[in-house]
$ cat data-v7.csv   # CSV, C-alpha atoms and all ligand atoms
chain,number,residue,atom,x,y,z
A,1,VAL,CA,-5.1,-15.7,20.7
A,2,ASP,CA,-1.8,-14.6,19.1
A,3,LYS,CA,-0.6,-11.0,18.8
A,4,GLU,CA,-1.5,-10.8,15.2
A,5,THR,CA,-5.1,-11.7,15.8
A,6,ILE,CA,-5.4,-9.0,18.5
A,7,ASP,CA,-3.7,-6.6,16.1
A,8,VAL,CA,-6.2,-7.2,13.3
A,9,GLY,CA,-9.3,-7.8,15.3
A,10,GLU,CA,-9.1,-5.1,17.9
A,11,ARG,CA,-7.0,-2.2,16.7
A,12,ARG,CA,-5.9,-2.4,13.1
A,13,LYS,CA,-8.2,-0.7,10.5
A,14,THR,CA,-9.6,-3.3,8.3
A,15,ILE,CA,-10.9,-3.4,4.7
A,16,LYS,CA,-14.3,-4.2,6.1
A,17,GLN,CA,-14.2,-1.2,8.3
A,18,LEU,CA,-13.3,1.0,5.3
A,19,ALA,CA,-16.4,-0.3,3.5
A,20,GLN,CA,-18.5,0.4,6.6
A,21,MET,CA,-17.1,4.0,6.7
A,22,LYS,CA,-18.2,4.5,3.2
A,23,ARG,CA,-21.7,3.3,4.0
A,24,ALA,CA,-21.8,5.5,7.1
A,25,ALA,CA,-20.5,8.5,5.1
A,26,GLN,CA,-17.6,8.7,7.5
A,27,PRO,CA,-14.6,10.2,5.6
A,28,ILE,CA,-11.4,8.0,5.3
A,29,ALA,CA,-8.1,9.8,6.0
A,30,MET,CA,-5.1,8.3,4.2
A,31,MET,CA,-1.5,9.7,4.0
A,32,THR,CA,1.8,8.6,2.7
A,33,ALA,CA,4.7,7.6,5.0
A,34,TYR,CA,8.1,6.4,4.1
A,35,ASP,CA,10.2,6.2,7.3
A,36,TYR,CA,9.9,5.7,11.0
A,37,PRO,CA,9.2,9.3,12.1
A,38,SER,CA,6.7,10.0,9.3
A,39,ALA,CA,4.9,6.7,10.1
A,40,VAL,CA,4.7,7.3,13.8
A,41,LEU,CA,3.4,10.9,13.2
A,42,ALA,CA,0.8,9.5,10.8
A,43,GLU,CA,-0.4,7.0,13.5
A,44,GLN,CA,-0.4,9.7,16.1
A,45,ALA,CA,-2.5,11.9,13.8
A,46,GLY,CA,-5.1,9.1,13.6
A,47,ALA,CA,-4.6,8.2,9.9
A,48,ASP,CA,-6.9,5.3,8.8
A,49,ILE,CA,-4.4,4.2,6.1
A,50,VAL,CA,-0.7,4.8,5.5
A,51,LEU,CA,0.5,4.4,2.0
A,52,ILE,CA,4.1,3.7,1.1
A,53,GLY,CA,3.7,5.5,-2.2
A,54,ASP,CA,6.1,5.4,-5.0
A,55,SER,CA,6.0,9.2,-4.7
A,56,LEU,CA,9.0,8.3,-2.5
A,57,ALA,CA,10.9,8.7,-5.8
A,58,GLN,CA,10.3,12.5,-5.7
A,59,VAL,CA,10.0,13.3,-2.0
A,60,VAL,CA,12.7,11.0,-0.6
A,61,GLN,CA,15.0,9.9,-3.4
A,62,GLY,CA,15.3,13.1,-5.5
A,63,HIS,CA,14.1,11.6,-8.7
A,64,THR,CA,11.7,13.4,-11.1
A,65,ALA,CA,9.3,10.4,-11.7
A,66,THR,CA,7.9,7.5,-9.9
A,67,ALA,CA,9.1,4.9,-12.5
A,68,SER,CA,12.6,5.0,-10.9
A,69,VAL,CA,11.3,3.2,-7.8
A,70,THR,CA,12.1,-0.5,-7.5
A,71,LEU,CA,10.4,-3.3,-5.6
A,72,ASP,CA,13.3,-3.5,-3.2
A,73,ASP,CA,12.9,0.3,-2.5
A,74,VAL,CA,9.2,-0.2,-1.6
A,75,VAL,CA,9.9,-3.4,0.5
A,76,TYR,CA,12.6,-1.5,2.4
A,77,HIS,CA,10.4,1.5,3.2
A,78,THR,CA,7.3,-0.7,3.9
A,79,ARG,CA,9.3,-2.7,6.5
A,80,ILE,CA,10.3,0.5,8.3
A,81,VAL,CA,6.7,1.9,8.3
A,82,ALA,CA,5.3,-1.5,9.4
A,83,ARG,CA,7.7,-1.4,12.4
A,84,ALA,CA,6.3,2.0,13.4
A,85,VAL,CA,2.5,1.7,13.2
A,86,ARG,CA,-0.1,-0.4,14.9
A,87,THR,CA,-3.5,1.0,13.9
A,88,PRO,CA,-3.5,2.2,10.3
A,89,LEU,CA,-3.9,-0.2,7.4
A,90,ILE,CA,-0.6,-0.4,5.6
A,91,VAL,CA,-0.8,-0.2,1.8
A,92,ALA,CA,2.3,-0.5,-0.4
A,93,ASP,CA,2.5,0.8,-3.9
A,94,MET,CA,3.4,-1.8,-6.5
A,95,PRO,CA,6.2,-0.2,-8.5
A,96,PHE,CA,6.3,0.4,-12.2
A,97,GLY,CA,6.6,-2.9,-14.2
A,98,THR,CA,6.0,-5.2,-11.2
A,99,TYR,CA,2.4,-6.2,-12.1
A,100,HIS,CA,2.4,-6.1,-15.9
A,101,GLY,CA,3.8,-9.5,-16.6
A,102,SER,CA,2.5,-13.0,-15.8
A,103,ASP,CA,0.2,-13.6,-12.9
A,104,ASP,CA,2.9,-15.7,-11.3
A,105,ARG,CA,5.4,-12.8,-11.5
A,106,THR,CA,2.8,-10.4,-10.1
A,107,ILE,CA,2.1,-12.8,-7.2
A,108,ASP,CA,5.8,-13.0,-6.4
A,109,HIS,CA,6.0,-9.3,-6.1
A,110,VAL,CA,2.8,-9.0,-4.0
A,111,VAL,CA,4.1,-11.7,-1.7
A,112,ALA,CA,7.4,-9.8,-1.3
A,113,LEU,CA,5.5,-6.6,-0.2
A,114,VAL,CA,3.4,-8.6,2.2
A,115,GLN,CA,5.9,-11.1,3.5
A,116,ASP,CA,9.1,-9.1,3.5
A,117,GLY,CA,7.6,-5.6,3.8
A,118,GLY,CA,4.7,-6.2,6.1
A,119,ALA,CA,2.0,-4.6,3.9
A,120,HIS,CA,-1.6,-5.5,4.4
A,121,ALA,CA,-2.7,-4.4,0.9
A,122,VAL,CA,-1.1,-3.2,-2.4
A,123,LYS,CA,-2.0,-0.5,-4.9
A,124,MET,CA,-1.9,-0.8,-8.6
A,125,GLU,CA,-2.4,1.9,-11.3
A,126,GLY,CA,-4.6,1.8,-14.3
A,127,ALA,CA,-7.6,-0.1,-15.6
A,128,ASP,CA,-5.6,-2.4,-17.8
A,129,VAL,CA,-4.3,-4.4,-14.8
A,130,CYS,CA,-7.5,-6.2,-13.8
A,131,ASP,CA,-5.8,-9.6,-14.3
A,132,ALA,CA,-3.1,-8.5,-11.8
A,133,VAL,CA,-5.8,-7.4,-9.3
A,134,ARG,CA,-7.5,-10.8,-9.6
A,135,ALA,CA,-4.2,-12.6,-9.1
A,136,ALA,CA,-3.4,-10.6,-5.9
A,137,VAL,CA,-7.0,-11.1,-4.6
A,138,ARG,CA,-6.7,-14.8,-5.3
A,139,VAL,CA,-3.8,-15.1,-2.9
A,140,GLY,CA,-5.7,-13.1,-0.3
A,141,VAL,CA,-4.2,-9.7,-0.7
A,142,PRO,CA,-6.5,-6.7,-0.9
A,143,VAL,CA,-5.8,-4.3,-3.8
A,144,PHE,CA,-6.4,-0.6,-4.0
A,145,GLY,CA,-6.9,0.6,-7.6
A,146,HIS,CA,-5.6,3.9,-8.8
A,147,LEU,CA,-7.3,5.8,-11.7
A,148,GLY,CA,-7.2,9.3,-13.2
A,149,VAL,CA,-3.7,10.6,-13.4
A,150,GLN,CA,-1.4,7.6,-13.3
A,151,PRO,CA,2.1,8.9,-12.5
A,152,GLN,CA,3.8,5.6,-13.6
A,153,SER,CA,2.5,6.1,-17.1
A,154,VAL,CA,2.9,9.9,-17.2
A,155,HIS,CA,4.7,9.8,-20.6
A,156,ARG,CA,1.7,8.0,-22.2
A,157,HIS,CA,-0.6,10.8,-21.0
A,158,GLY,CA,2.0,13.5,-21.8
A,159,GLY,CA,1.8,15.1,-18.3
A,160,TYR,CA,-0.3,15.5,-15.2
A,161,PHE,CA,-3.6,16.7,-16.6
A,162,VAL,CA,-7.0,16.7,-14.9
A,163,GLN,CA,-8.9,13.7,-16.1
A,164,GLY,CA,-12.6,13.2,-17.0
A,165,LYS,CA,-13.1,16.6,-18.7
A,166,THR,CA,-15.0,15.3,-21.7
A,167,LEU,CA,-18.1,13.2,-21.7
A,168,HIS,CA,-16.2,10.3,-23.3
A,169,ASP,CA,-13.4,10.4,-20.7
A,170,ALA,CA,-15.9,10.7,-17.9
A,171,GLU,CA,-17.8,7.6,-19.0
A,172,GLN,CA,-14.5,5.7,-19.6
A,173,LEU,CA,-13.3,6.5,-16.1
A,174,ARG,CA,-16.6,5.3,-14.6
A,175,GLU,CA,-16.4,2.1,-16.6
A,176,ASP,CA,-12.8,1.6,-15.6
A,177,ALA,CA,-13.7,2.0,-11.9
A,178,LEU,CA,-16.5,-0.5,-12.2
A,179,ARG,CA,-14.2,-3.0,-14.0
A,180,MET,CA,-11.6,-2.7,-11.1
A,181,GLN,CA,-14.4,-3.2,-8.5
A,182,GLU,CA,-15.5,-6.2,-10.5
A,183,ALA,CA,-11.9,-7.6,-10.6
A,184,GLY,CA,-11.9,-7.4,-6.8
A,185,ALA,CA,-10.4,-4.1,-5.9
A,186,CYS,CA,-11.3,-3.1,-2.3
A,187,ALA,CA,-10.9,0.7,-2.9
A,188,ILE,CA,-9.9,3.1,-5.7
A,189,VAL,CA,-7.7,6.1,-5.5
A,190,LEU,CA,-8.9,8.8,-7.9
A,191,GLU,CA,-6.0,11.2,-8.8
A,192,LEU,CA,-6.8,14.6,-10.4
A,193,VAL,CA,-10.3,13.7,-11.6
A,194,THR,CA,-12.9,16.4,-12.0
A,195,ALA,CA,-15.0,16.7,-8.9
A,196,HIS,CA,-18.1,15.9,-10.8
A,197,VAL,CA,-16.8,12.7,-12.2
A,198,ALA,CA,-15.3,11.6,-8.9
A,199,GLN,CA,-18.7,12.1,-7.3
A,200,ALA,CA,-20.4,10.0,-10.0
A,201,ILE,CA,-17.8,7.2,-9.6
A,202,THR,CA,-18.2,7.3,-5.8
A,203,GLU,CA,-21.9,6.9,-6.1
A,204,ALA,CA,-21.6,4.1,-8.6
A,205,LEU,CA,-19.2,2.0,-6.6
A,206,ASP,CA,-19.8,-0.2,-3.5
A,207,ILE,CA,-16.1,0.2,-2.6
A,208,PRO,CA,-14.7,3.4,-1.2
A,209,THR,CA,-13.0,6.0,-3.4
A,210,ILE,CA,-10.0,8.0,-2.0
A,211,GLY,CA,-9.5,11.2,-3.8
A,212,ILE,CA,-6.4,13.3,-4.4
A,213,GLY,CA,-7.1,16.5,-6.2
A,214,SER,CA,-10.6,15.1,-7.0
A,215,GLY,CA,-12.9,17.2,-4.9
A,216,ALA,CA,-14.8,16.7,-1.7
A,217,CYS,CA,-17.3,14.0,-2.7
A,218,CYS,CA,-14.9,11.0,-2.6
A,219,ASP,CA,-15.2,8.6,0.4
A,220,GLY,CA,-11.8,9.6,1.6
A,221,GLN,CA,-8.8,11.8,0.9
A,222,VAL,CA,-5.1,11.1,0.5
A,223,LEU,CA,-2.1,13.5,0.4
A,224,VAL,CA,1.6,13.0,0.4
A,225,PHE,CA,3.1,13.4,3.9
A,226,HIS,CA,5.7,16.0,2.7
A,227,ASP,CA,2.9,18.1,1.1
A,228,ILE,CA,0.7,18.1,4.2
A,229,VAL,CA,3.5,19.3,6.5
A,230,GLY,CA,5.2,21.6,3.9
A,231,TYR,CA,8.5,19.6,4.0
A,232,ASP,CA,9.8,20.7,0.6
A,233,PRO,CA,13.1,22.5,0.9
A,234,LEU,CA,13.3,23.6,-2.7
A,235,PRO,CA,10.9,26.1,-4.2
A,236,HIS,CA,8.6,24.1,-6.5
A,237,ARG,CA,5.4,25.2,-8.2
A,238,PRO,CA,2.7,24.7,-5.6
A,239,LYS,CA,0.1,22.0,-6.4
A,240,SER,CA,-3.4,23.6,-6.5
A,241,PHE,CA,-5.0,20.6,-4.8
A,242,VAL,CA,-2.6,20.5,-1.9
A,243,LYS,CA,-3.2,22.1,1.5
A,244,ALA,CA,0.0,22.5,3.5
A,245,TYR,CA,-0.9,22.6,7.2
A,246,ALA,CA,2.6,23.6,8.3
A,247,ALA,CA,5.8,24.9,6.9
A,248,ALA,CA,8.1,22.1,8.2
A,249,ALA,CA,11.0,22.9,5.8
A,250,ASP,CA,11.1,26.5,7.1
A,251,VAL,CA,11.1,25.4,10.7
A,252,MET,CA,13.8,22.8,10.0
A,253,ARG,CA,16.0,25.1,8.0
A,254,ASP,CA,15.8,27.8,10.7
A,255,ALA,CA,16.8,25.2,13.4
A,256,LEU,CA,19.7,24.0,11.3
A,257,LYS,CA,20.9,27.5,10.5
A,258,GLN,CA,20.8,28.3,14.2
A,259,PHE,CA,22.9,25.2,15.0
A,260,VAL,CA,25.5,26.2,12.4
A,261,GLN,CA,25.6,29.7,13.7
A,262,ASP,CA,25.9,28.5,17.3
A,263,VAL,CA,28.8,26.1,16.4
A,264,ARG,CA,30.6,28.9,14.7
A,265,SER,CA,30.1,31.4,17.5
A,266,GLY,CA,30.8,28.9,20.3
A,267,ALA,CA,27.3,29.3,21.7
A,268,PHE,CA,26.9,25.5,21.4
A,269,PRO,CA,27.7,23.4,23.3
A,270,SER,CA,27.1,25.3,26.5
A,271,PRO,CA,28.3,23.9,29.8
A,272,SER,CA,24.9,22.3,30.3
A,273,HIS,CA,25.4,20.2,27.2
A,274,ALA,CA,28.7,18.9,28.4
A,275,HIS,CA,29.4,16.1,31.0
A,276,ALA,CA,31.0,17.2,34.2
A,277,PRO,CA,33.9,15.1,35.4
A,278,SER,CA,33.0,12.5,38.1
A,279,GLU,CA,34.4,12.7,41.6
A,280,GLU,CA,36.8,10.0,40.7
A,281,GLU,CA,38.0,11.8,37.6
A,282,LYS,CA,38.5,15.0,39.6
A,283,ARG,CA,40.9,13.2,42.0
B,301,LIG,O1,2.6,7.4,-4.7
B,301,LIG,C1,1.8,8.0,-4.0
B,301,LIG,O2,2.1,8.7,-3.0
B,301,LIG,C2,0.4,8.0,-4.4
B,301,LIG,C3,-0.5,8.9,-3.8
B,301,LIG,C4,-0.3,10.3,-4.4
B,301,LIG,C5,-1.9,8.5,-4.0
B,301,LIG,O3,0.1,7.2,-5.3
$ encode --input "data-v7.csv" --output "structure tokens" --more "lines below"
Ligand code: KIV
Amino acid sequence: VDKETIDVGERRKTIKQLAQMKRAAQPIAMMTAYDYPSAVLAEQAGADIVLIGDSLAQVVQGHTATASVTLDDVVYHTRIVARAVRTPLIVADMPFGTYHGSDDRTIDHVVALVQDGGAHAVKMEGADVCDAVRAAVRVGVPVFGHLGVQPQSVHRHGGYFVQGKTLHDAEQLREDALRMQEAGACAIVLELVTAHVAQAITEALDIPTIGIGSGACCDGQVLVFHDIVGYDPLPHRPKSFVKAYAAAADVMRDALKQFVQDVRSGAFPSPSHAHAPSEEEKR
């Protein structure tokens, strides 16, 4: 039995287990991670899934939109996360423009995320990409769909608005979710969908739904790592659907200020932080 078999069979969360969790009404916990420390912390917290989200554009790279993220960026961050975690399923976001061309091109990009990055599954936004979902599934890679607010096409929608408010939109979303399931998606992220519609979709699907800003009736929840721990050093408008469980930026800023102050005052380093000369050096 090789290491990878043990890894998948005994410890790593599997797609099959996620489906079982839905059936057992056992909520699925998913969070983003982008680097070694955030991924280790996600694993230590017991996350079922870590997502290398293209939200890395905003929270890591300082961009204003996810469309700036490249395939190389996601491969790079996925590789780091894969090095850090053993139990959560690793899902990599397919960046803007990498799954909208031919099936062959999509497969090349999926293979890069799996082979070079170490992802176990990929995520694709929108209901117009069912062919890409089929292509990835055909080569054996599970696909998470992403419906509701789709940050990669934010300009088409004109902003980040709650989806599913009209009867027509609600029905469209439900149909889109069923089409993605039919195409072979193994789960669907529902971003900023009314709670009512998210519940209806969750009940209509056999595969799990993972909500973000979509109420309590999804099969699981996902949030961005930086939002969970309050690691946002600049004052931004708070997102109504986010619960910050800590104020990491404040803790870190205070520590850094204290360091600067101690260097300037001479309080750091103290004798205990310096190395005493050895007996030989003293002679
Ligand atoms: O990119 C991301 O982090 C995401 C989550 C918000 C679901 O897609």
$ closest_residue --input "data-v7.csv" --among "A:Gln221, A:Thr106, A:Gln181, A:Thr166" --to "ligand LIG 301 (chain B)" --atoms "only C-alpha atoms and all ligand atoms"
A:Gln221
$ closest_residue --input "data-v7.csv" --among "A:Asp169, A:Met124, A:Leu89, A:Leu178" --to "Lys16 in chain A" --atoms "only C-alpha atoms"
A:Leu89
$ residues_near_ligand --input "data-v7.csv" --ligand "ligand LIG 301 (chain B)" --cutoff "7 Å" --atoms "all atoms listed in the file" --output "PyMOL selection string"
chain A and resi 32+51-56+93+189+191+212+222-224
$ atom_distance --input "data-v7.csv" --atom1 "CA of Val162 in chain A" --atom2 "CA of Leu192 in chain A"
5.0 Å
$ closest_residue --input "data-v7.csv" --among "A:Ala185, A:Val74, A:Ala136, A:Leu205" --to "Arg105 in chain A" --atoms "all atoms listed in the file"
A:Ala136
$ closest_residue --input "data-v7.csv" --among "A:Leu18, A:Ala216, A:Ala119, A:Ile80" --to "Tyr34 in chain A" --atoms "only C-alpha atoms"
A:Ile80
$ closest_residue --input "data-v7.csv" --among "A:His120, A:Arg156, A:Arg86, A:Arg237" --to "Val143 in chain A" --atoms "only C-alpha atoms"
A:His120
$ atom_distance --input "data-v7.csv" --atom1 "CA of Pro238 in chain A" --atom2 "CA of His226 in chain A"
12.4 Å
$ atom_distance --input "data-v7.csv" --atom1 "CA of His77 in chain A" --atom2 "CA of Ser102 in chain A"
25.2 Å
$ closest_residue --input "data-v7.csv" --among "A:Val59, A:Met94, A:Leu113, A:Val75" --to "Gln152 in chain A" --atoms "only C-alpha atoms"
A:Met94
$ residues_around --input "data-v7.csv" --residues "Ala84 in chain A" --least-positions-apart "3" --cutoff "7 Å" --atoms "all atoms listed in the file" --output "list in words"
Tyr36, Ala39, Val40, Ile80 and Val81 of chain A
$ residues_around --input "data-v7.csv" --residues "Ile49 in chain A" --least-positions-apart "3" --cutoff "10 Å" --atoms "all atoms listed in the file" --output "list in words"
Arg12, Lys13, Thr14, Leu18, Ile28, Ala29, Met30, Met31, Thr32, Ala33, Ala42, Glu43, Gly46, Ile52, Thr87, Pro88, Leu89, Ile90, Val91 and Val222 of chain A
$ residues_around --input "data-v7.csv" --residues "Val129 in chain A" --least-positions-apart "4" --cutoff "8 Å" --atoms "only C-alpha atoms" --output "list in words"
Tyr99, His100, Met124, Glu125 and Val133 of chain A
$ residues_around --input "data-v7.csv" --residues "His155 in chain A" --least-positions-apart "5" --cutoff "12 Å" --atoms "only C-alpha atoms" --output "list in words"
Ala65, Thr66, Ala67, Val149, Gln150, Tyr160 and Phe161 of chain A
$ residues_around --input "data-v7.csv" --residues "range 23-26 of chain A" --least-positions-apart "5" --cutoff "12 Å" --atoms "all atoms listed in the file" --output "number ranges by chain"
A: 16-18, 48, 202-203, 205-209, 217-221
$ write_last_selection --input "data-v7.csv" --atoms "C-alpha atoms" --output "PDB file, keeping the file's coordinate frame"
ATOM      1  CA  LYS A  16     -14.300  -4.200   6.100  1.00  0.00           C
ATOM      2  CA  GLN A  17     -14.200  -1.200   8.300  1.00  0.00           C
ATOM      3  CA  LEU A  18     -13.300   1.000   5.300  1.00  0.00           C
ATOM      4  CA  ASP A  48      -6.900   5.300   8.800  1.00  0.00           C
ATOM      5  CA  THR A 202     -18.200   7.300  -5.800  1.00  0.00           C
ATOM      6  CA  GLU A 203     -21.900   6.900  -6.100  1.00  0.00           C
ATOM      7  CA  LEU A 205     -19.200   2.000  -6.600  1.00  0.00           C
ATOM      8  CA  ASP A 206     -19.800  -0.200  -3.500  1.00  0.00           C
ATOM      9  CA  ILE A 207     -16.100   0.200  -2.600  1.00  0.00           C
ATOM     10  CA  PRO A 208     -14.700   3.400  -1.200  1.00  0.00           C
ATOM     11  CA  THR A 209     -13.000   6.000  -3.400  1.00  0.00           C
ATOM     12  CA  CYS A 217     -17.300  14.000  -2.700  1.00  0.00           C
ATOM     13  CA  CYS A 218     -14.900  11.000  -2.600  1.00  0.00           C
ATOM     14  CA  ASP A 219     -15.200   8.600   0.400  1.00  0.00           C
ATOM     15  CA  GLY A 220     -11.800   9.600   1.600  1.00  0.00           C
ATOM     16  CA  GLN A 221      -8.800  11.800   0.900  1.00  0.00           C
TER      17      GLN A 221
END
$ decode --input "data-v7.csv" --residues "range 144-171 of chain A" --atoms "N, CA and C atoms" --output "mmCIF file, in the first residue's frame"
data_model
loop_
_atom_site.group_PDB
_atom_site.id
_atom_site.type_symbol
_atom_site.label_atom_id
_atom_site.label_comp_id
_atom_site.auth_asym_id
_atom_site.auth_seq_id
_atom_site.Cartn_x
_atom_site.Cartn_y
_atom_site.Cartn_z
ATOM 1 N N PHE A 144 -16.228 21.377 -8.313
ATOM 2 C CA PHE A 144 -17.181 22.144 -7.524
ATOM 3 C C PHE A 144 -17.726 23.246 -8.438
ATOM 4 N N GLY A 145 -19.053 23.347 -8.551
ATOM 5 C CA GLY A 145 -19.631 24.480 -9.275
ATOM 6 C C GLY A 145 -19.717 25.672 -8.338
ATOM 7 N N HIS A 146 -19.989 26.838 -8.924
ATOM 8 C CA HIS A 146 -20.104 28.069 -8.112
ATOM 9 C C HIS A 146 -21.176 28.933 -8.768
ATOM 10 N N LEU A 147 -22.321 29.063 -8.085
ATOM 11 C CA LEU A 147 -23.451 29.830 -8.633
ATOM 12 C C LEU A 147 -23.821 30.970 -7.684
ATOM 13 N N GLY A 148 -24.735 31.816 -8.143
ATOM 14 C CA GLY A 148 -25.086 33.019 -7.380
ATOM 15 C C GLY A 148 -24.146 34.122 -7.817
ATOM 16 N N VAL A 149 -23.634 34.886 -6.874
ATOM 17 C CA VAL A 149 -22.650 35.906 -7.251
ATOM 18 C C VAL A 149 -21.411 35.197 -7.779
ATOM 19 N N GLN A 150 -20.965 35.641 -8.952
ATOM 20 C CA GLN A 150 -19.784 35.040 -9.576
ATOM 21 C C GLN A 150 -18.732 36.132 -9.753
ATOM 22 N N PRO A 151 -17.805 36.227 -8.805
ATOM 23 C CA PRO A 151 -16.863 37.345 -8.819
ATOM 24 C C PRO A 151 -16.078 37.482 -10.130
ATOM 25 N N GLN A 152 -15.860 36.372 -10.856
ATOM 26 C CA GLN A 152 -15.084 36.492 -12.105
ATOM 27 C C GLN A 152 -15.848 37.253 -13.180
ATOM 28 N N SER A 153 -17.182 37.261 -13.074
ATOM 29 C CA SER A 153 -17.952 38.014 -14.089
ATOM 30 C C SER A 153 -18.751 39.127 -13.423
ATOM 31 N N VAL A 154 -18.117 39.763 -12.426
ATOM 32 C CA VAL A 154 -18.808 40.803 -11.656
ATOM 33 C C VAL A 154 -19.243 41.957 -12.568
ATOM 34 N N HIS A 155 -18.488 42.217 -13.637
ATOM 35 C CA HIS A 155 -18.845 43.357 -14.498
ATOM 36 C C HIS A 155 -20.094 43.062 -15.322
ATOM 37 N N ARG A 156 -20.328 41.774 -15.608
ATOM 38 C CA ARG A 156 -21.549 41.423 -16.335
ATOM 39 C C ARG A 156 -22.767 41.656 -15.436
ATOM 40 N N HIS A 157 -22.601 41.358 -14.150
ATOM 41 C CA HIS A 157 -23.725 41.500 -13.217
ATOM 42 C C HIS A 157 -23.814 42.915 -12.645
ATOM 43 N N GLY A 158 -22.767 43.714 -12.844
ATOM 44 C CA GLY A 158 -22.784 45.108 -12.385
ATOM 45 C C GLY A 158 -22.554 45.265 -10.889
ATOM 46 N N GLY A 159 -22.077 44.236 -10.213
ATOM 47 C CA GLY A 159 -21.778 44.375 -8.784
ATOM 48 C C GLY A 159 -22.056 43.090 -8.045
ATOM 49 N N TYR A 160 -21.884 43.156 -6.729
ATOM 50 C CA TYR A 160 -22.089 41.973 -5.878
ATOM 51 C C TYR A 160 -23.477 42.064 -5.231
ATOM 52 N N PHE A 161 -24.497 41.650 -5.964
ATOM 53 C CA PHE A 161 -25.869 41.752 -5.459
ATOM 54 C C PHE A 161 -26.405 40.377 -5.092
ATOM 55 N N VAL A 162 -27.276 40.371 -4.068
ATOM 56 C CA VAL A 162 -27.905 39.104 -3.664
ATOM 57 C C VAL A 162 -28.697 38.552 -4.840
ATOM 58 N N GLN A 163 -28.529 37.269 -5.108
ATOM 59 C CA GLN A 163 -29.153 36.620 -6.265
ATOM 60 C C GLN A 163 -30.373 35.799 -5.848
ATOM 61 N N GLY A 164 -31.328 35.701 -6.770
ATOM 62 C CA GLY A 164 -32.487 34.840 -6.549
ATOM 63 C C GLY A 164 -33.667 35.559 -5.928
ATOM 64 N N LYS A 165 -33.677 36.896 -6.082
ATOM 65 C CA LYS A 165 -34.736 37.657 -5.395
ATOM 66 C C LYS A 165 -36.081 37.578 -6.120
ATOM 67 N N THR A 166 -36.052 37.459 -7.447
ATOM 68 C CA THR A 166 -37.327 37.359 -8.160
ATOM 69 C C THR A 166 -37.630 35.879 -8.410
ATOM 70 N N LEU A 167 -38.902 35.614 -8.687
ATOM 71 C CA LEU A 167 -39.320 34.235 -8.935
ATOM 72 C C LEU A 167 -38.556 33.659 -10.133
ATOM 73 N N HIS A 168 -38.388 34.522 -11.150
ATOM 74 C CA HIS A 168 -37.687 34.098 -12.363
ATOM 75 C C HIS A 168 -36.228 33.739 -12.053
ATOM 76 N N ASP A 169 -35.558 34.624 -11.293
ATOM 77 C CA ASP A 169 -34.145 34.375 -10.955
ATOM 78 C C ASP A 169 -33.999 33.129 -10.080
ATOM 79 N N ALA A 170 -34.956 32.977 -9.160
ATOM 80 C CA ALA A 170 -34.901 31.818 -8.258
ATOM 81 C C ALA A 170 -35.009 30.523 -9.065
ATOM 82 N N GLU A 171 -35.951 30.502 -10.015
ATOM 83 C CA GLU A 171 -36.158 29.304 -10.826
ATOM 84 C C GLU A 171 -34.929 29.041 -11.704
#
